[in-house]
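Worksheet: the structure to be examined is printed underneath.
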Amino acid sequence: MSIFNSKFKEIFSAQVVSIFGGLIAGTILVIYTDKILLIPGMLILLPGFLEMRGNISGTLAARITSGLFLKVIGQDKINTRIIRQNIWASFLLAIFISFVLGIVAFAFNYFAMGIFLPKIIWIPIIAGIIANAIEIPLTIFCTFYFFRKGHDPDNIMGPFVTSAGDVTSVLALLIALVLIWPIL
Amino acid sequence: MAHTVKQEHLEQIQKIKRNKHHPLLHQIHKEHKISRKTLFYVKEYGLHSNATKTIIKESIKILVFASIISSFGGMAIENIKTLFISIVPLVILLPTLNDMIGDYGTIISSRFSTMLHEGKVGKNPWKDRDVQELFIQIMAVAIILALISSSAALVISYFSNYAVTMQVVMKIVMITVIDVIVLVLILFLISIIAGIYFFKKEEDPNNFLIPITTSIADFGNMVILLLLIRIFF
């Protein structure tokens, strides 16, 4: 039985890329602990918020890759009906899931800790809009780029989306907090 | 002429409702040698279908489920927030651990599903060579990367003025390694039991195992971290 074969190398190298983004995100969390983690309920929405980037952008990349391989999507045309519909779907899903995460965090604060903090609902929504405005175009651009260069985006986009998603998500949460915390 | 016939058929496919096994798909696949994947893609996202609606409809339930499960995990850590935030290397490791363990869930699920489809899994899956190889590979990657990521987190913490003593190093490395070992074991056990169950029910295990294992990975990671923090700190 060969353990250190090509499959091992594939998993290992993909995971190295993935942990790199995670460590950057974690470092940003430490630097801005007072702004991000000290807010009641932030640790409840953080895992779901980080996971969402991979779930939404990862599946977006996978759908586009399938379309490219099947030639249903042309590799030279990004601005097509099917791509636009994919962008809309990913964006709407991200905003809805952000809202759900906000509601869960709000409910936990209110029922378990007795803290009434409706602002917590707005944080993931605003951060979701910011993060997806960066992540979705980046995912589409990179999927097309890797495909045109002759690579299989299915093998590259998973770890790429996860690591890029971690960094953009944490930064978006920070921006959302700076933008809305003093206003609401 | 052949091309015209195919085009007509593809247009017909785009109009049909998204039934699971429409006979037209099988007929076109057999007569015109168009792959099932292409036909499926055309049916789902063709010119006359609303891709936005299809994607939202198919994804929303599983995404809401995954988000809620992840949030439950977060609740566990929220209860020991003050202690957790004070352990800087663990805050740095939090996104990494979540990503890594979720990814292991996806890899185990998809590779075990493929083994089932290929008929490589016998009556006792624990004795199968491929299953054993998958288990050892994932466990090896998990342990090596747990050591690398915990070391990196400790180095970053040191430069953030966190007091990195020998005791802290041991505790962080132990927490990270135990966390990944326990979760890989749980994910493997669930993938094999649930995979065989869904396969026997003639369902594609891929559709069930990946959402199940990634959600369990998220939730389990938080709960095990909570327990380990309580034991070690």
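Convention: chains lettered A, B, ... in structure tokens order; per-chain residue numbering from 1; ligands numbered from 1 as shown.
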> Could you list, as number ranges by chain, every residue of chain B that has an atom within 6 Å of an atom of chain A, counting only C-alpha atoms?
Replying inline: B: 38, 51-52, 56, 67, 70-71, 74-75, 78, 92, 95-96, 137
Selected residues, C-alpha atoms, written as a short mmCIF file (atom, residue, chain, number, x, y, z; two decimals), in the first residue's frame, please.
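And here's again-v5.cif as it stands now:
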```cif
data_model
loop_
_atom_site.label_atom_id
_atom_site.label_comp_id
_atom_site.auth_asym_id
_atom_site.auth_seq_id
_atom_site.Cartn_x
_atom_site.Cartn_y
_atom_site.Cartn_z
CA THR B 38 -24.22 17.48 -20.93
CA ALA B 51 -30.66 29.32 -13.71
CA THR B 52 -30.99 31.82 -10.82
CA ILE B 56 -31.47 29.13 -5.29
CA SER B 67 -25.22 27.73 8.56
CA SER B 70 -22.10 26.02 12.19
CA SER B 71 -23.79 28.60 14.43
CA GLY B 74 -20.13 28.90 17.58
CA MET B 75 -22.50 28.94 20.57
CA GLU B 78 -19.29 31.87 22.79
CA ILE B 92 -5.35 32.41 14.89
CA PRO B 95 -10.46 29.68 10.64
CA THR B 96 -7.71 27.23 9.63
CA GLN B 137 -3.66 9.22 3.89
#
```
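Residues surrounding Ser113 of chain B within 7 Å are B:Ser109, B:His117, B:Gly195, B:Pro205, B:Asn206 [only C-alpha atoms; sequence separation below 4 positions excluded].
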Residue selection dump (N, CA and C atoms) as an mmCIF file, in the first residue's frame:
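The result, written out as result07.cif:
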```cif
data_model
loop_
_atom_site.group_PDB
_atom_site.id
_atom_site.type_symbol
_atom_site.label_atom_id
_atom_site.label_comp_id
_atom_site.auth_asym_id
_atom_site.auth_seq_id
_atom_site.Cartn_x
_atom_site.Cartn_y
_atom_site.Cartn_z
ATOM 1 N N SER B 109 -15.824 11.951 2.024
ATOM 2 C CA SER B 109 -17.146 11.645 1.458
ATOM 3 C C SER B 109 -17.076 11.367 -0.032
ATOM 4 N N HIS B 117 -19.464 3.574 -5.910
ATOM 5 C CA HIS B 117 -19.945 3.527 -7.290
ATOM 6 C C HIS B 117 -19.115 2.574 -8.148
ATOM 7 N N GLY B 195 -22.658 6.305 4.055
ATOM 8 C CA GLY B 195 -22.421 6.050 2.632
ATOM 9 C C GLY B 195 -23.025 4.726 2.194
ATOM 10 N N PRO B 205 -24.568 8.669 -2.758
ATOM 11 C CA PRO B 205 -24.070 9.108 -1.444
ATOM 12 C C PRO B 205 -23.454 10.512 -1.460
ATOM 13 N N ASN B 206 -22.913 10.940 -2.631
ATOM 14 C CA ASN B 206 -22.319 12.278 -2.751
ATOM 15 C C ASN B 206 -23.264 13.377 -2.290
#
```
>> Please compute the atom CA of Ile156 of chain B-atom CA of Ser86 of chain B distance, one decimal, in Å.
In response: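 Rounded to one decimal, the two atoms are 14.6 Å apart.
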>> If we count only C-alpha atoms and set the cut-off at 10 Å, which residues sit around Ala163 of chain B, ignoring sequence neighbours fewer than 6 positions away in its own chain? Please answer as a ChimeraX atom specification.
In response: /B:87-88,154,157
> Tell me, which residues of segment 117-232 of chain B carry DSSP helix (DSSP H, G or I), written as a ChimeraX atom specification?
Replying inline: /B:117,125-127,129-159,166-200,205-232
> Which of these, A:Leu117, A:Glu10, A:Asn132, A:Phe146, has the shortest distance to Trp181 of chain A once you count only C-alpha atoms?
Replying inline: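 Closest to Trp181 of chain A, using only C-alpha atoms: A:Leu117.
From atom CA of Ile126 of chain A back to atom CA of Ile180 of chain A, the distance works out to 8.4 Å.
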> Quick one: residues within 7 Å of Asn98 of chain B, only C-alpha atoms counted, chain neighbours fewer than 3 positions away excluded, as a PyMOL selection string?
Replying inline: chain B and resi 94-95+101-102+218+221
